[in-house]
Amino acid sequence: QSFFNSNDFYGYATLIHLIEVTEPLSKRYRQKEVCIVANGYMWLHQYPLEAHHTVTTMFNANGEIVQWYIDICLQNGMENDVPWMDDLFLDIVVLPSGEIIHLDADELQDAFISGVITKYQYNLAWNEANKVTELIKNGEFGLLKLANKHKKILFEKLQ
């Protein structure tokens, strides 16, 4: 993991290299099956400290991005050298084709109804998800563009 302090990213990034797994794991989004875990895959986690989201970029064994997974969260931080996020249930998946998939709106609604989160947190989650979605659609969500750069920097540290 590393701390980045640049014009385009202020926060932490971690890289996990899955050398050998017991079995592959795939997720189905509508009619598309996406393998997200298999031998040689890497997961890059980006925790921007002044944002209400994190991004996990999943790379296959050939180094190709298979998906970006964006968690909408209340905040991100660092404790005992471990980055963390306070998840607000909503998630966004972006596929390399550009397809955007929203997940877990029902979980956000249930959390609000049951009192797990406040009205402020509920609204914050929707506002952030809508803002991130618009940035993605306009090609302006910088963390997607930084994924390969951050992976390269962190992978060199693994060597």
# chains A, B, ... in the order shown; residues from 1 in each chain; ligands from 1

$ select_by_dssp --residues "chain A" --states "alpha helix (DSSP H)" --output "ChimeraX atom specification"
/A:105-113,119-137,142-158

$ write_last_selection --atoms "N, CA and C atoms" --output "short mmCIF file (atom, residue, chain, number, x, y, z; two decimals), in the first residue's frame"
data_model
loop_
_atom_site.label_atom_id
_atom_site.label_comp_id
_atom_site.auth_asym_id
_atom_site.auth_seq_id
_atom_site.Cartn_x
_atom_site.Cartn_y
_atom_site.Cartn_z
N ALA A 105 -29.49 -0.59 -4.04
CA ALA A 105 -30.39 0.50 -3.63
C ALA A 105 -31.38 -0.01 -2.59
N ASP A 106 -31.77 -1.28 -2.70
CA ASP A 106 -32.70 -1.87 -1.73
C ASP A 106 -32.05 -1.94 -0.34
N GLU A 107 -30.75 -2.25 -0.29
CA GLU A 107 -30.06 -2.29 1.01
C GLU A 107 -29.98 -0.91 1.64
N LEU A 108 -29.75 0.12 0.83
CA LEU A 108 -29.73 1.49 1.35
C LEU A 108 -31.10 1.86 1.91
N GLN A 109 -32.14 1.55 1.17
CA GLN A 109 -33.51 1.84 1.61
C GLN A 109 -33.82 1.12 2.93
N ASP A 110 -33.47 -0.17 3.01
CA ASP A 110 -33.71 -0.95 4.23
C ASP A 110 -32.94 -0.37 5.41
N ALA A 111 -31.71 0.05 5.17
CA ALA A 111 -30.89 0.62 6.25
C ALA A 111 -31.51 1.91 6.77
N PHE A 112 -32.06 2.71 5.87
CA PHE A 112 -32.71 3.95 6.30
C PHE A 112 -34.00 3.66 7.08
N ILE A 113 -34.83 2.78 6.54
CA ILE A 113 -36.10 2.46 7.19
C ILE A 113 -35.89 1.86 8.58
N LYS A 119 -31.32 10.14 7.70
CA LYS A 119 -31.80 10.76 6.46
C LYS A 119 -30.64 11.48 5.76
N TYR A 120 -29.79 12.15 6.54
CA TYR A 120 -28.62 12.83 5.97
C TYR A 120 -27.73 11.83 5.23
N GLN A 121 -27.45 10.68 5.85
CA GLN A 121 -26.59 9.67 5.23
C GLN A 121 -27.25 9.07 3.99
N TYR A 122 -28.55 8.85 4.07
CA TYR A 122 -29.30 8.34 2.93
C TYR A 122 -29.18 9.30 1.74
N ASN A 123 -29.42 10.58 1.99
CA ASN A 123 -29.33 11.58 0.93
C ASN A 123 -27.90 11.72 0.42
N LEU A 124 -26.94 11.69 1.32
CA LEU A 124 -25.53 11.77 0.92
C LEU A 124 -25.19 10.64 -0.03
N ALA A 125 -25.64 9.43 0.28
CA ALA A 125 -25.35 8.27 -0.57
C ALA A 125 -25.91 8.47 -1.97
N TRP A 126 -27.16 8.89 -2.06
CA TRP A 126 -27.76 9.10 -3.39
C TRP A 126 -27.09 10.25 -4.13
N ASN A 127 -26.79 11.34 -3.44
CA ASN A 127 -26.13 12.47 -4.09
C ASN A 127 -24.76 12.06 -4.63
N GLU A 128 -24.00 11.32 -3.83
CA GLU A 128 -22.67 10.87 -4.27
C GLU A 128 -22.78 9.90 -5.44
N ALA A 129 -23.70 8.96 -5.36
CA ALA A 129 -23.86 7.99 -6.45
C ALA A 129 -24.25 8.70 -7.75
N ASN A 130 -25.14 9.66 -7.66
CA ASN A 130 -25.55 10.41 -8.86
C ASN A 130 -24.40 11.24 -9.41
N LYS A 131 -23.63 11.87 -8.52
CA LYS A 131 -22.48 12.68 -8.96
C LYS A 131 -21.43 11.80 -9.64
N VAL A 132 -21.09 10.67 -9.02
CA VAL A 132 -20.09 9.76 -9.58
C VAL A 132 -20.56 9.22 -10.93
N THR A 133 -21.83 8.86 -11.02
CA THR A 133 -22.37 8.34 -12.28
C THR A 133 -22.24 9.37 -13.39
N GLU A 134 -22.56 10.61 -13.11
CA GLU A 134 -22.44 11.66 -14.14
C GLU A 134 -20.99 11.86 -14.55
N LEU A 135 -20.08 11.85 -13.57
CA LEU A 135 -18.65 11.98 -13.89
C LEU A 135 -18.18 10.84 -14.78
N ILE A 136 -18.63 9.63 -14.48
CA ILE A 136 -18.26 8.47 -15.30
C ILE A 136 -18.78 8.64 -16.72
N LYS A 137 -20.06 8.99 -16.84
CA LYS A 137 -20.67 9.16 -18.16
C LYS A 137 -19.95 10.22 -18.99
N GLY A 142 -11.78 10.54 -12.39
CA GLY A 142 -10.35 10.33 -12.48
C GLY A 142 -9.82 9.01 -11.96
N LEU A 143 -10.46 8.42 -10.96
CA LEU A 143 -9.91 7.18 -10.38
C LEU A 143 -9.91 6.04 -11.38
N LEU A 144 -10.84 6.03 -12.31
CA LEU A 144 -10.83 4.98 -13.34
C LEU A 144 -9.58 5.10 -14.20
N LYS A 145 -9.22 6.34 -14.51
CA LYS A 145 -8.03 6.58 -15.33
C LYS A 145 -6.74 6.31 -14.58
N LEU A 146 -6.75 6.47 -13.26
CA LEU A 146 -5.54 6.29 -12.45
C LEU A 146 -5.27 4.83 -12.08
N ALA A 147 -6.21 3.94 -12.33
CA ALA A 147 -6.07 2.56 -11.87
C ALA A 147 -4.80 1.89 -12.38
N ASN A 148 -4.53 1.98 -13.66
CA ASN A 148 -3.33 1.34 -14.20
C ASN A 148 -2.05 1.95 -13.64
N LYS A 149 -2.04 3.26 -13.49
CA LYS A 149 -0.86 3.96 -12.93
C LYS A 149 -0.60 3.51 -11.50
N HIS A 150 -1.65 3.49 -10.67
CA HIS A 150 -1.49 3.08 -9.27
C HIS A 150 -1.09 1.61 -9.17
N LYS A 151 -1.68 0.77 -10.03
CA LYS A 151 -1.32 -0.65 -10.01
C LYS A 151 0.15 -0.83 -10.33
N LYS A 152 0.62 -0.12 -11.33
CA LYS A 152 2.03 -0.24 -11.73
C LYS A 152 2.96 0.16 -10.58
N ILE A 153 2.68 1.26 -9.94
CA ILE A 153 3.51 1.74 -8.82
C ILE A 153 3.53 0.71 -7.69
N LEU A 154 2.36 0.22 -7.32
CA LEU A 154 2.27 -0.73 -6.20
C LEU A 154 2.84 -2.10 -6.57
N PHE A 155 2.64 -2.52 -7.81
CA PHE A 155 3.17 -3.82 -8.22
C PHE A 155 4.69 -3.84 -8.16
N GLU A 156 5.31 -2.73 -8.52
CA GLU A 156 6.78 -2.65 -8.44
C GLU A 156 7.25 -2.83 -7.00
N LYS A 157 6.45 -2.40 -6.04
CA LYS A 157 6.81 -2.60 -4.62
C LYS A 157 6.72 -4.06 -4.21
N LEU A 158 5.88 -4.84 -4.90
CA LEU A 158 5.75 -6.25 -4.59
C LEU A 158 6.96 -7.05 -5.06
#

$ residues_around --residues "range 42-57 of chain A" --least-positions-apart "4" --cutoff "7 Å" --atoms "only C-alpha atoms" --output "list in words"
Phe9, Tyr10, Gly11, Tyr12, Ala13, Thr14, Leu15, Ile16, His17, Leu18, Ile65, Gln67, Trp68, Tyr69, Ile70, Asp71, Ile72, Cys73, Leu74, Gln75, Asn76, Gly77, Glu128, Ala147 and Lys151 of chain A

$ select_by_dssp --residues "chain A" --states "strand (DSSP E)" --output "ChimeraX atom specification"
/A:2-5,10-18,25-29,32-37,41-48,53-59,65-79,82-94,100-103

$ residues_around --residues "range 25-27 of chain A" --least-positions-apart "5" --cutoff "10 Å" --atoms "only C-alpha atoms" --output "PyMOL selection string"
chain A and resi 32-38

$ atom_distance --atom1 "CA of Asp91 in chain A" --atom2 "CA of Phe3 in chain A"
23.9 Å

$ residues_around --residues "Tyr29 in chain A" --least-positions-apart "4" --cutoff "10 Å" --atoms "only C-alpha atoms" --output "NGL selection string"
:A and (33-34 or 93 or 95 or 101-103)

$ write_last_selection --atoms "all heavy atoms" --output "mmCIF file, in the first residue's frame"
data_model
loop_
_atom_site.group_PDB
_atom_site.id
_atom_site.type_symbol
_atom_site.label_atom_id
_atom_site.label_comp_id
_atom_site.auth_asym_id
_atom_site.auth_seq_id
_atom_site.Cartn_x
_atom_site.Cartn_y
_atom_site.Cartn_z
ATOM 1 N N GLU A 33 -21.594 -12.391 -17.520
ATOM 2 C CA GLU A 33 -20.858 -13.069 -16.448
ATOM 3 C C GLU A 33 -19.442 -12.484 -16.429
ATOM 4 O O GLU A 33 -18.754 -12.467 -17.453
ATOM 5 C CB GLU A 33 -20.811 -14.568 -16.734
ATOM 6 C CG GLU A 33 -20.299 -15.396 -15.600
ATOM 7 C CD GLU A 33 -21.370 -15.753 -14.580
ATOM 8 O OE1 GLU A 33 -22.570 -15.605 -14.876
ATOM 9 O OE2 GLU A 33 -21.010 -16.186 -13.496
ATOM 10 N N VAL A 34 -19.013 -11.994 -15.248
ATOM 11 C CA VAL A 34 -17.693 -11.371 -15.121
ATOM 12 C C VAL A 34 -16.905 -12.109 -14.055
ATOM 13 O O VAL A 34 -17.327 -12.163 -12.893
ATOM 14 C CB VAL A 34 -17.815 -9.874 -14.744
ATOM 15 C CG1 VAL A 34 -16.440 -9.256 -14.551
ATOM 16 C CG2 VAL A 34 -18.615 -9.115 -15.790
ATOM 17 N N VAL A 93 -20.975 -0.492 -10.421
ATOM 18 C CA VAL A 93 -20.016 -1.290 -11.180
ATOM 19 C C VAL A 93 -19.890 -0.660 -12.560
ATOM 20 O O VAL A 93 -20.892 -0.306 -13.186
ATOM 21 C CB VAL A 93 -20.483 -2.760 -11.308
ATOM 22 C CG1 VAL A 93 -19.599 -3.532 -12.286
ATOM 23 C CG2 VAL A 93 -20.491 -3.433 -9.946
ATOM 24 N N LEU A 95 -18.103 -1.552 -16.200
ATOM 25 C CA LEU A 95 -17.430 -2.574 -16.999
ATOM 26 C C LEU A 95 -16.558 -1.891 -18.060
ATOM 27 O O LEU A 95 -16.831 -0.740 -18.427
ATOM 28 C CB LEU A 95 -18.463 -3.488 -17.654
ATOM 29 C CG LEU A 95 -19.362 -4.247 -16.673
ATOM 30 C CD1 LEU A 95 -20.402 -5.067 -17.424
ATOM 31 C CD2 LEU A 95 -18.546 -5.123 -15.734
ATOM 32 N N ILE A 101 -23.582 -0.110 -13.865
ATOM 33 C CA ILE A 101 -24.605 -0.900 -13.178
ATOM 34 C C ILE A 101 -24.677 -0.425 -11.733
ATOM 35 O O ILE A 101 -23.667 -0.388 -11.029
ATOM 36 C CB ILE A 101 -24.250 -2.400 -13.226
ATOM 37 C CG1 ILE A 101 -24.118 -2.857 -14.679
ATOM 38 C CG2 ILE A 101 -25.284 -3.232 -12.479
ATOM 39 C CD1 ILE A 101 -23.186 -4.009 -14.886
ATOM 40 N N HIS A 102 -25.877 -0.061 -11.293
ATOM 41 C CA HIS A 102 -26.082 0.358 -9.908
ATOM 42 C C HIS A 102 -26.567 -0.832 -9.086
ATOM 43 O O HIS A 102 -27.431 -1.575 -9.542
ATOM 44 C CB HIS A 102 -27.092 1.504 -9.842
ATOM 45 C CG HIS A 102 -26.562 2.749 -10.457
ATOM 46 N ND1 HIS A 102 -26.830 3.099 -11.758
ATOM 47 C CD2 HIS A 102 -25.748 3.711 -9.967
ATOM 48 C CE1 HIS A 102 -26.210 4.242 -12.028
ATOM 49 N NE2 HIS A 102 -25.548 4.625 -10.966
ATOM 50 N N LEU A 103 -25.996 -0.990 -7.900
ATOM 51 C CA LEU A 103 -26.333 -2.119 -7.038
ATOM 52 C C LEU A 103 -26.759 -1.649 -5.645
ATOM 53 O O LEU A 103 -26.301 -0.619 -5.165
ATOM 54 C CB LEU A 103 -25.115 -3.046 -6.877
ATOM 55 C CG LEU A 103 -24.500 -3.630 -8.143
ATOM 56 C CD1 LEU A 103 -23.215 -4.368 -7.804
ATOM 57 C CD2 LEU A 103 -25.489 -4.554 -8.822
#

$ atom_distance --atom1 "CA of Gly98 in chain A" --atom2 "CA of Ala61 in chain A"
20.8 Å

$ atom_distance --atom1 "CA of Asp104 in chain A" --atom2 "CA of Leu90 in chain A"
5.2 Å
